[in-house]
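What follows is final36.txt (compact mmCIF, C-alpha atoms and all ligand atoms).
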```txt
# COMPACT_ATOMS: atom_id res chain seq x y z
CA MET A 1 0.00 0.00 0.00
CA ALA A 2 1.13 3.54 -0.71
CA VAL A 3 -0.58 6.63 0.70
CA TYR A 4 0.37 10.00 -0.78
CA LYS A 5 -1.42 13.16 0.27
CA TYR A 6 -1.70 16.21 -1.90
CA PHE A 7 -2.58 19.71 -0.69
CA GLY A 8 -3.33 22.78 -2.80
CA PRO A 9 -5.27 26.03 -2.51
CA GLY A 10 -9.06 26.03 -2.72
CA CYS A 11 -9.29 28.26 -5.81
CA SER A 12 -6.51 29.48 -8.11
CA MET A 13 -6.91 32.33 -10.59
CA PHE A 14 -4.73 32.90 -13.65
CA GLY A 15 -4.62 35.32 -16.57
CA TYR A 16 -3.46 38.83 -17.41
CA GLY A 17 -5.59 41.19 -15.30
CA CYS A 18 -7.44 38.31 -13.57
CA VAL A 19 -7.26 40.13 -10.23
CA GLU A 20 -10.15 42.23 -11.56
CA GLY A 21 -12.24 39.08 -11.27
CA LEU A 22 -11.35 38.55 -7.63
CA GLY A 23 -14.34 40.61 -6.45
CA GLU A 24 -16.73 37.97 -7.76
CA GLU A 25 -14.89 35.23 -5.84
CA LEU A 26 -14.84 37.34 -2.67
CA SER A 27 -18.54 38.11 -2.93
CA ARG A 28 -19.28 34.39 -2.65
CA ARG A 29 -17.90 34.53 0.88
CA ALA A 30 -19.24 36.66 3.72
CA TYR A 31 -16.07 38.68 4.32
CA GLU A 32 -16.34 42.06 6.01
CA LYS A 33 -12.86 43.43 6.54
CA ALA A 34 -9.48 42.38 5.18
CA LEU A 35 -6.07 42.77 6.75
CA VAL A 36 -3.94 43.59 3.70
CA VAL A 37 -0.42 42.25 4.33
CA THR A 38 2.21 43.65 1.99
CA ASP A 39 5.46 45.60 1.77
CA LYS A 40 6.37 49.21 1.08
CA SER A 41 7.48 48.72 -2.54
CA ILE A 42 4.20 47.04 -3.44
CA VAL A 43 2.37 50.06 -2.04
CA GLU A 44 4.69 52.52 -3.85
CA LEU A 45 4.28 50.68 -7.16
CA GLY A 46 0.50 51.10 -6.91
CA ILE A 47 -0.05 47.32 -6.88
CA ALA A 48 -1.69 47.32 -3.43
CA ALA A 49 -4.05 50.10 -4.55
CA LYS A 50 -5.31 47.94 -7.43
CA ILE A 51 -6.31 45.13 -5.09
CA ILE A 52 -7.75 47.53 -2.54
CA SER A 53 -10.00 48.97 -5.25
CA VAL A 54 -11.23 45.42 -5.94
CA LEU A 55 -12.04 45.08 -2.22
CA ASP A 56 -13.84 48.43 -2.29
CA GLY A 57 -15.83 47.29 -5.31
CA ALA A 58 -16.94 44.18 -3.44
CA GLY A 59 -18.01 46.28 -0.45
CA ILE A 60 -15.26 44.85 1.76
CA GLY A 61 -13.37 47.08 4.19
CA HIS A 62 -9.64 46.84 4.88
CA ALA A 63 -6.75 47.77 7.13
CA ILE A 64 -3.25 47.76 5.67
CA PHE A 65 -0.06 46.35 7.17
CA SER A 66 2.78 47.25 4.80
CA GLU A 67 5.84 46.65 6.98
CA VAL A 68 6.74 43.16 5.72
CA LYS A 69 10.50 42.78 5.20
CA PRO A 70 12.07 40.48 2.63
CA ASN A 71 12.73 37.41 4.84
CA PRO A 72 9.78 38.37 7.10
CA THR A 73 10.40 38.44 10.83
CA VAL A 74 8.67 37.41 14.05
CA ALA A 75 8.37 41.14 14.79
CA ASN A 76 6.51 41.63 11.45
CA VAL A 77 4.10 38.86 12.37
CA LYS A 78 3.43 40.29 15.84
CA ALA A 79 2.80 43.80 14.48
CA GLY A 80 0.49 42.51 11.74
CA LEU A 81 -1.44 40.37 14.23
CA ALA A 82 -1.89 43.32 16.58
CA LEU A 83 -3.32 45.40 13.72
CA LEU A 84 -5.63 42.57 12.65
CA LYS A 85 -7.05 42.39 16.18
CA ALA A 86 -7.30 46.15 16.66
CA GLU A 87 -9.14 46.53 13.33
CA GLY A 88 -11.38 43.47 13.76
CA CYS A 89 -10.40 41.95 10.38
CA ASP A 90 -12.02 38.63 9.50
CA PHE A 91 -9.69 37.52 6.69
CA ILE A 92 -6.28 38.29 5.23
CA VAL A 93 -5.21 39.45 1.76
CA THR A 94 -1.49 39.03 1.11
CA ILE A 95 -0.03 41.02 -1.78
CA GLY A 96 3.55 40.52 -2.92
CA GLY A 97 6.07 37.74 -3.06
CA GLY A 98 6.80 34.94 -0.64
CA SER A 99 7.59 37.37 2.16
CA SER A 100 4.10 38.90 2.22
CA HIS A 101 2.37 35.51 1.87
CA ASP A 102 4.50 33.87 4.56
CA CYS A 103 3.95 36.75 6.97
CA GLY A 104 0.19 36.62 6.29
CA LYS A 105 0.09 32.86 6.84
CA ALA A 106 1.81 33.22 10.22
CA ILE A 107 -0.59 36.01 11.20
CA GLY A 108 -3.56 33.88 10.14
CA ILE A 109 -2.41 30.83 12.10
CA LEU A 110 -1.72 32.88 15.25
CA ALA A 111 -5.05 34.71 14.94
CA ALA A 112 -6.92 31.40 14.89
CA ASN A 113 -4.79 29.43 17.33
CA GLY A 114 -2.95 31.87 19.62
CA GLY A 115 0.64 31.30 20.77
CA GLU A 116 3.92 32.21 19.08
CA VAL A 117 5.37 31.42 15.63
CA GLU A 118 7.87 29.04 17.27
CA ASP A 119 5.00 26.87 18.64
CA TYR A 120 4.09 25.77 15.11
CA LYS A 121 7.55 24.71 13.96
CA GLY A 122 7.29 21.33 12.27
CA VAL A 123 4.38 19.82 10.36
CA ASP A 124 0.66 20.41 10.97
CA LYS A 125 1.11 21.67 14.53
CA SER A 126 -1.91 24.00 14.61
CA ALA A 127 -5.35 22.78 15.67
CA LYS A 128 -7.48 25.26 13.75
CA LYS A 129 -7.52 26.55 10.20
CA SER A 130 -5.96 29.96 9.67
CA LEU A 131 -8.24 32.91 9.06
CA ASP A 132 -8.98 32.75 5.32
CA ILE A 133 -6.05 33.90 3.20
CA VAL A 134 -6.31 35.39 -0.27
CA ALA A 135 -2.79 35.37 -1.71
CA VAL A 136 -2.20 37.78 -4.58
CA ASN A 137 1.19 36.90 -6.00
CA THR A 138 3.55 39.44 -7.57
CA THR A 139 6.80 37.45 -7.95
CA ALA A 140 7.34 34.27 -9.94
CA GLY A 141 9.35 32.20 -7.54
CA THR A 142 8.29 30.95 -4.16
CA GLY A 143 4.96 29.25 -4.84
CA SER A 144 3.93 30.34 -1.36
CA GLU A 145 0.47 31.26 -2.62
CA CYS A 146 -0.16 27.56 -3.28
CA THR A 147 1.86 25.78 -0.57
CA ARG A 148 1.31 24.82 3.05
CA ALA A 149 4.75 26.22 3.87
CA TYR A 150 5.81 29.47 5.45
CA VAL A 151 9.21 30.67 6.60
CA ILE A 152 9.74 33.27 9.32
CA SER A 153 13.05 34.78 10.50
CA ASP A 154 13.84 35.45 14.13
CA GLU A 155 16.16 38.45 14.07
CA GLU A 156 17.29 38.01 17.66
CA LYS A 157 18.11 34.31 17.38
CA ARG A 158 19.34 34.71 13.76
CA THR A 159 17.27 31.71 12.69
CA LYS A 160 14.82 31.11 9.86
CA THR A 161 12.05 28.72 10.76
CA GLY A 162 10.28 26.73 8.08
CA ILE A 163 6.77 25.57 8.98
CA LYS A 164 4.49 23.21 7.07
CA ASP A 165 0.86 23.38 8.02
CA ARG A 166 -2.21 22.36 6.05
CA ASN A 167 -4.14 24.99 8.00
CA ALA A 168 -2.03 27.73 6.39
CA LEU A 169 -3.10 27.01 2.81
CA ALA A 170 -4.58 29.98 0.98
CA THR A 171 -8.30 29.90 0.25
CA ILE A 172 -7.73 31.79 -3.02
CA ALA A 173 -4.42 32.07 -4.89
CA VAL A 174 -4.15 34.77 -7.55
CA ASN A 175 -1.39 34.52 -10.17
CA ASP A 176 -2.08 37.56 -12.32
CA HIS A 177 1.09 38.12 -14.38
CA SER A 178 0.11 41.73 -15.10
CA LEU A 179 1.20 42.33 -11.48
CA MET A 180 4.60 40.78 -12.21
CA MET A 181 5.53 43.03 -15.15
CA SER A 182 7.25 45.54 -12.85
CA LEU A 183 9.62 42.98 -11.31
CA PRO A 184 13.16 44.23 -12.03
CA LYS A 185 15.58 41.95 -13.90
CA LYS A 186 17.58 40.94 -10.84
CA LEU A 187 14.46 39.95 -8.88
CA THR A 188 12.99 38.17 -11.91
CA ALA A 189 16.19 36.14 -12.20
CA ALA A 190 16.57 35.30 -8.51
CA THR A 191 12.91 34.44 -7.91
CA GLY A 192 12.79 32.41 -11.14
CA MET A 193 15.79 30.37 -9.99
CA ASP A 194 13.94 29.72 -6.71
CA ALA A 195 11.17 28.10 -8.76
CA LEU A 196 13.73 25.97 -10.61
CA VAL A 197 15.32 24.88 -7.34
CA HIS A 198 11.89 23.93 -5.92
CA ALA A 199 11.30 21.72 -8.94
CA VAL A 200 14.75 20.10 -9.02
CA GLU A 201 14.88 19.48 -5.26
CA CYS A 202 11.36 18.06 -5.35
CA TYR A 203 12.22 15.78 -8.28
CA ILE A 204 15.02 14.14 -6.31
CA SER A 205 13.31 14.40 -2.89
CA LYS A 206 12.97 11.28 -0.74
CA ASN A 207 9.36 12.24 -0.14
CA GLY A 208 8.25 12.91 -3.70
CA PHE A 209 5.84 10.70 -5.63
CA MET A 210 4.79 10.41 -9.23
CA LEU A 211 2.41 13.36 -9.21
CA THR A 212 4.99 15.69 -7.66
CA SER A 213 7.68 14.41 -10.05
CA GLU A 214 5.57 15.12 -13.13
CA LEU A 215 4.63 18.57 -11.82
CA ALA A 216 8.31 19.23 -11.13
CA LEU A 217 9.38 18.22 -14.65
CA ALA A 218 6.70 20.47 -16.15
CA ALA A 219 7.97 23.32 -13.97
CA ILE A 220 11.57 22.70 -15.06
CA ARG A 221 10.55 22.82 -18.72
CA CYS A 222 8.60 26.04 -18.13
CA VAL A 223 11.52 27.74 -16.36
CA PHE A 224 13.97 26.85 -19.14
CA SER A 225 11.46 28.01 -21.76
CA TRP A 226 10.55 31.35 -20.20
CA LEU A 227 12.99 32.58 -17.58
CA PRO A 228 15.75 33.84 -19.93
CA GLU A 229 13.20 35.80 -21.94
CA ALA A 230 11.48 37.20 -18.83
CA VAL A 231 14.88 38.50 -17.66
CA ARG A 232 15.90 39.78 -21.12
CA SER A 233 12.54 41.40 -21.93
CA PRO A 234 10.67 42.22 -18.71
CA SER A 235 7.68 43.54 -20.69
CA ASN A 236 7.15 40.24 -22.56
CA GLU A 237 3.70 39.17 -21.31
CA ARG A 238 4.03 35.61 -22.59
CA ALA A 239 7.31 35.11 -20.73
CA ARG A 240 5.79 36.52 -17.54
CA GLU A 241 2.82 34.20 -17.91
CA GLY A 242 5.18 31.27 -18.48
CA MET A 243 7.01 32.09 -15.25
CA ALA A 244 3.75 32.54 -13.32
CA VAL A 245 2.81 29.02 -14.41
CA ALA A 246 6.31 27.66 -13.74
CA GLU A 247 6.46 28.87 -10.17
CA TYR A 248 2.91 27.61 -9.47
CA LEU A 249 3.69 24.13 -10.86
CA ALA A 250 6.90 24.07 -8.83
CA GLY A 251 4.95 25.17 -5.74
CA LEU A 252 2.42 22.39 -6.13
CA ALA A 253 5.30 19.95 -6.59
CA PHE A 254 7.53 20.88 -3.66
CA GLY A 255 4.59 21.84 -1.43
CA ASN A 256 3.79 18.14 -1.44
CA GLY A 257 7.11 16.45 -2.25
CA GLY A 258 9.50 18.70 -0.33
CA VAL A 259 12.76 20.53 -0.97
CA GLY A 260 16.22 19.54 0.27
CA MET A 261 19.78 20.58 0.98
CA VAL A 262 19.79 23.71 -1.20
CA HIS A 263 16.94 25.18 0.84
CA ALA A 264 18.26 23.85 4.16
CA THR A 265 21.53 25.70 3.50
CA SER A 266 20.13 28.81 1.87
CA HIS A 267 17.77 29.44 4.80
CA GLN A 268 20.87 29.83 6.99
CA LEU A 269 22.51 32.31 4.60
CA SER A 270 19.31 34.39 4.65
CA ALA A 271 19.01 34.14 8.44
CA ILE A 272 22.58 35.23 9.14
CA TYR A 273 23.23 37.74 6.35
CA ASP A 274 19.64 38.66 5.36
CA LEU A 275 20.37 37.64 1.75
CA PRO A 276 17.69 37.10 -0.94
CA HIS A 277 16.29 33.58 -0.85
CA GLY A 278 16.24 32.98 -4.61
CA LEU A 279 19.79 34.20 -5.15
CA CYS A 280 21.18 31.96 -2.39
CA ASN A 281 19.34 29.00 -3.91
CA ALA A 282 20.66 29.79 -7.40
CA ILE A 283 24.24 29.83 -6.10
CA LEU A 284 23.86 26.58 -4.17
CA LEU A 285 21.99 24.53 -6.80
CA PRO A 286 24.97 23.32 -8.90
CA PRO A 287 27.32 22.37 -6.03
CA VAL A 288 24.55 20.69 -4.00
CA MET A 289 23.50 18.66 -7.04
CA ARG A 290 27.12 17.62 -7.60
CA PHE A 291 27.12 16.40 -3.99
CA ASN A 292 23.71 14.71 -4.40
CA LYS A 293 24.87 12.78 -7.45
CA ARG A 294 26.18 10.04 -5.14
CA ALA A 295 22.56 9.16 -4.25
CA ALA A 296 20.49 10.74 -7.02
CA ALA A 297 22.50 10.35 -10.24
CA GLY A 298 19.62 8.42 -11.83
CA LYS A 299 17.05 11.11 -11.06
CA LEU A 300 19.37 13.93 -12.10
CA ALA A 301 20.10 12.00 -15.30
CA GLU A 302 16.35 11.90 -16.00
CA ILE A 303 16.32 15.71 -15.80
CA GLY A 304 19.37 15.75 -18.10
CA ARG A 305 17.60 13.53 -20.65
CA PHE A 306 14.53 15.76 -20.42
CA LEU A 307 16.57 18.92 -21.01
CA ARG A 308 19.04 17.56 -23.57
CA PRO A 309 17.22 14.69 -25.34
CA LEU A 310 19.37 14.85 -28.47
CA GLU A 311 22.52 14.13 -26.48
CA ALA A 312 21.06 11.34 -24.35
CA GLU A 313 21.54 8.32 -26.58
CA GLY A 314 24.06 5.86 -25.23
CA LYS A 315 25.04 8.09 -22.29
CA ASP A 316 25.17 6.74 -18.74
CA ASP A 317 23.49 8.32 -15.71
CA GLU A 318 26.68 9.97 -14.48
CA THR A 319 27.16 11.79 -17.79
CA MET A 320 23.53 12.85 -18.08
CA ALA A 321 23.44 14.05 -14.44
CA ASP A 322 26.50 16.18 -15.22
CA LEU A 323 24.74 17.57 -18.28
CA ALA A 324 21.70 18.51 -16.15
CA ILE A 325 23.95 20.34 -13.67
CA ALA A 326 25.75 22.06 -16.55
CA GLU A 327 22.34 23.24 -17.82
CA PHE A 328 21.47 24.70 -14.39
CA GLU A 329 24.81 26.49 -14.36
CA ARG A 330 24.44 27.76 -17.93
CA LEU A 331 20.98 29.19 -17.20
CA SER A 332 22.18 30.80 -13.99
CA ALA A 333 25.16 32.39 -15.80
CA GLU A 334 22.89 33.66 -18.58
CA ILE A 335 20.56 35.47 -16.18
CA GLY A 336 23.24 36.75 -13.82
CA THR A 337 22.71 34.66 -10.69
CA LEU A 338 25.97 32.69 -10.90
CA VAL A 339 27.83 34.79 -8.34
CA ARG A 340 30.26 33.90 -5.56
CA LEU A 341 29.23 33.97 -1.90
CA ARG A 342 32.17 36.21 -0.98
CA THR A 343 30.72 38.99 -3.15
CA LEU A 344 27.59 38.95 -0.95
CA GLY A 345 29.49 39.49 2.29
CA VAL A 346 29.42 35.86 3.46
CA LYS A 347 32.34 35.11 5.79
CA GLU A 348 34.40 31.95 5.55
CA GLU A 349 34.68 31.74 9.34
CA ASP A 350 30.88 31.27 9.53
CA PHE A 351 30.87 28.13 7.36
CA GLY A 352 30.88 25.80 10.39
CA LEU A 353 27.91 27.55 12.00
CA LEU A 354 26.01 27.71 8.70
CA ALA A 355 26.60 24.00 8.14
CA GLU A 356 25.53 22.99 11.65
CA LYS A 357 22.32 24.98 11.32
CA ALA A 358 21.66 23.59 7.83
CA LEU A 359 21.75 20.03 9.21
CA MET A 360 18.95 20.95 11.65
CA ASP A 361 16.72 22.56 9.00
CA GLY A 362 13.44 20.76 8.34
CA SER A 363 14.12 20.55 4.58
CA MET A 364 17.26 18.47 5.02
CA GLY A 365 15.24 15.33 5.77
CA ASN A 366 13.96 15.27 2.17
CA ASN A 367 17.43 15.31 0.66
CA PRO A 368 18.38 12.02 -0.98
CA VAL A 369 21.58 11.82 1.07
CA GLN A 370 22.27 13.20 4.54
CA PRO A 371 25.41 15.35 4.48
CA THR A 372 27.89 15.86 7.31
CA VAL A 373 28.90 19.30 8.58
CA GLN A 374 32.06 18.97 6.49
CA ASP A 375 30.02 18.15 3.35
CA VAL A 376 27.98 21.36 3.72
CA MET A 377 31.16 23.34 4.41
CA ASP A 378 32.74 21.90 1.26
CA VAL A 379 29.69 22.93 -0.79
CA LEU A 380 29.91 26.48 0.59
CA ALA A 381 33.67 26.61 -0.05
CA SER A 382 33.18 25.51 -3.67
CA VAL A 383 31.07 28.60 -4.44
CA TYR A 384 32.97 31.02 -2.21
N1 LIG A 401 6.18 29.54 1.71
C1 LIG A 401 6.87 28.98 0.76
O1 LIG A 401 6.47 27.98 0.20
C2 LIG A 401 8.17 29.61 0.35
C3 LIG A 401 8.94 29.04 -0.65
C4 LIG A 401 10.13 29.65 -1.01
C5 LIG A 401 10.52 30.82 -0.39
N2 LIG A 401 9.76 31.35 0.60
C6 LIG A 401 10.14 32.59 1.29
O2 LIG A 401 9.70 33.70 0.51
C7 LIG A 401 10.58 34.82 0.75
C8 LIG A 401 11.08 35.36 -0.57
O3 LIG A 401 9.99 35.75 -1.38
P1 LIG A 401 10.23 36.36 -2.84
O4 LIG A 401 11.46 35.78 -3.42
O5 LIG A 401 8.97 36.22 -3.57
O6 LIG A 401 10.57 37.88 -2.57
P2 LIG A 401 9.94 38.95 -1.53
O7 LIG A 401 8.53 38.70 -1.27
O8 LIG A 401 10.88 39.01 -0.37
O9 LIG A 401 10.09 40.28 -2.38
C9 LIG A 401 11.39 40.74 -2.74
C10 LIG A 401 11.29 42.18 -3.22
O10 LIG A 401 10.57 42.20 -4.45
C11 LIG A 401 9.66 43.26 -4.43
N3 LIG A 401 8.58 42.93 -5.37
C12 LIG A 401 7.66 41.94 -5.27
N4 LIG A 401 6.86 41.94 -6.34
C13 LIG A 401 7.25 42.95 -7.13
C14 LIG A 401 6.80 43.45 -8.39
N5 LIG A 401 5.80 42.89 -9.05
N6 LIG A 401 7.44 44.52 -8.92
C15 LIG A 401 8.48 45.09 -8.27
N7 LIG A 401 8.97 44.65 -7.08
C16 LIG A 401 8.34 43.60 -6.53
C17 LIG A 401 9.20 43.34 -3.01
O11 LIG A 401 8.64 44.59 -2.72
C18 LIG A 401 10.51 43.08 -2.27
O12 LIG A 401 11.21 44.27 -2.11
C19 LIG A 401 11.72 34.30 1.61
O13 LIG A 401 11.50 34.66 2.95
C20 LIG A 401 11.63 32.80 1.44
O14 LIG A 401 12.15 32.07 2.52
C21 LIG A 401 8.60 30.78 0.96
FE FE A 402 12.42 28.52 -2.15
```
Structure rendered as structure tokens:
Amino acid sequence: MAVYKYFGPGCSMFGYGCVEGLGEELSRRAYEKALVVTDKSIVELGIAAKIISVLDGAGIGHAIFSEVKPNPTVANVKAGLALLKAEGCDFIVTIGGGSSHDCGKAIGILAANGGEVEDYKGVDKSAKKSLDIVAVNTTAGTGSECTRAYVISDEEKRTKTGIKDRNALATIAVNDHSLMMSLPKKLTAATGMDALVHAVECYISKNGFMLTSELALAAIRCVFSWLPEAVRSPSNERAREGMAVAEYLAGLAFGNGGVGMVHATSHQLSAIYDLPHGLCNAILLPPVMRFNKRAAAGKLAEIGRFLRPLEAEGKDDETMADLAIAEFERLSAEIGTLVRLRTLGVKEEDFGLLAEKALMDGSMGNNPVQPTVQDVMDVLASVY
């Protein structure tokens, strides 16, 4: 017998300008007042105002919390929760990338269950469903709008806690690529590589199954088809749509099959140096996959055959796995994410600490092989 469980959002909306249709979905539910959770840039770009006008049109009130930091913090969650209570909001609208969604998920879980973020570390630790969450996505990377996962940084403890909780799933996920057109090249590249890493790590995850593998392969194909063009020509609607689909497919895949050592390590880089999640993942993908080859050469070779079918005939797994890794590296170089850790201010003397923390990260358990502290340090050194 095999039992695989699959979780996804209740309703997902796609299409250029589809957020205009959100009012109809909201009107089906008896919402009165939204806590809008977002960040300052999203407000300045006028993106938050667009969604607020949809709320107005549906006769729904709102209060706005726009203090979310990239790598959202426990302090962000506490402040947002206090505003939600003070304003008597009965649901949450997150607008932005993974940071806004993750912060909103934590607020929603605490509003329904009480306690502190730390209490929910692990899998399915909450008793009650979060307040309803409507996740309006503006980056093409994290998949947070369609996953059970959320990640919150504790600035004092310099940790980043990953939580998986079915009660944190969004009720409505909106992937309107018209809201992604303003993403600058660097952010398009880094967030797009996050989506690729979700798919690759899920494909080789110990906890994946056929559905997640097929979703992951589709996501990989989408990223290779559309990410270079989205970075080259930010106003290309088709490329933006392709990346909105890619990151969603990757989210559905890893949200159910898991991610591994790239994420376990990159969470520590973000926690200690406050570095962008997608960029850290992009840097770590090739060396971690070289390390993982000892246990996952066959799976990596399958990705290689998928990406380079014309070169596959007669080649063994080792060769095809190397070709897959070379493709990851080529893409990363093309879009400007193949940078060295030293250029981001990472310090060599922290490698031991980073490695120890990476081994304790919840994602590490999905990795096809369990590394030692020295293995993680070697990976970091190879991209230093
Ligand atoms: N929950 C999950 O499943 C999951 C998965 C992966 C990563 N994450 C987390 O998500 C966070 C990263 O999220 P992210 O990579 O989406 O970035 P982000 O949400 O941190 O946003 C990065 C920057 O991009 C800006 N931005 C967002 N959309 C924009 C747009 N359309 N135009 C212009 N600027 C825009 C934001 O204002 C912000 O300054 C990390 O904390 C990471 O750990 C969560
Ligand atoms: Fe990620």
Would you write out, as a Markdown table, a table of all residues in segment 129-161 of chain A that have an atom no more than 7 Å from an atom of segment 191-197 of chain A, listing for each the closest atom pair and the distance in Å to one decimal, considering all atoms listed in the file and ordering rows by chain and rising residue number?
```
| residue | atom | partner | partner_atom | distance |
| --- | --- | --- | --- | --- |
| A:Thr139 | CA | A:Thr191 | CA | 6.8 |
| A:Ala140 | CA | A:Gly192 | CA | 5.9 |
| A:Gly141 | CA | A:Thr191 | CA | 4.2 |
| A:Thr142 | CA | A:Ala195 | CA | 6.1 |
```
Which of these, A:Ser153, A:Asn113, A:Thr94, A:Ser41, has the shortest distance to Val74 of chain A once you count all atoms listed in the file?
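Ranking A:Ser153, A:Asn113, A:Thr94, A:Ser41 by distance to Val74 of chain A, first place goes to A:Ser153.
Nearest-residue note for ligand LIG 401 (chain A): choosing from A:Val54, A:Ala301, A:Ile163, A:Ile92, the minimum distance belongs to A:Ile163, counting all atoms listed in the file.
Using all atoms listed in the file, residues with at least one atom at most 6 Å away from any atom of ligand LIG 401 (chain A) are Asp39, Ser41, Ile42, Pro70, Asn71, Pro72, Gly96, Gly97, Gly98, Ser99, Ser100, Asp102, Thr138, Thr139, Gly141, Thr142, Gly143, Ser144, Thr147, Ala149, Tyr150, Val151, Leu179, Met180, Ser182, Leu183, Thr191, His277 and Gly278 of chain A.
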Skipping near chain neighbours, those fewer than 6 positions away, what residues fall within 8 Å of Leu380 of chain A using only C-alpha atoms, listed as a VMD selection string?
chain A and resid 284 341 351
What does the file look like for those residues with C-alpha atoms, as a short mmCIF file (atom, residue, chain, number, x, y, z; two decimals), in the frame of the given file?
```cif
data_model
loop_
_atom_site.label_atom_id
_atom_site.label_comp_id
_atom_site.auth_asym_id
_atom_site.auth_seq_id
_atom_site.Cartn_x
_atom_site.Cartn_y
_atom_site.Cartn_z
CA LEU A 284 23.86 26.58 -4.17
CA LEU A 341 29.23 33.97 -1.90
CA PHE A 351 30.87 28.13 7.36
#
```
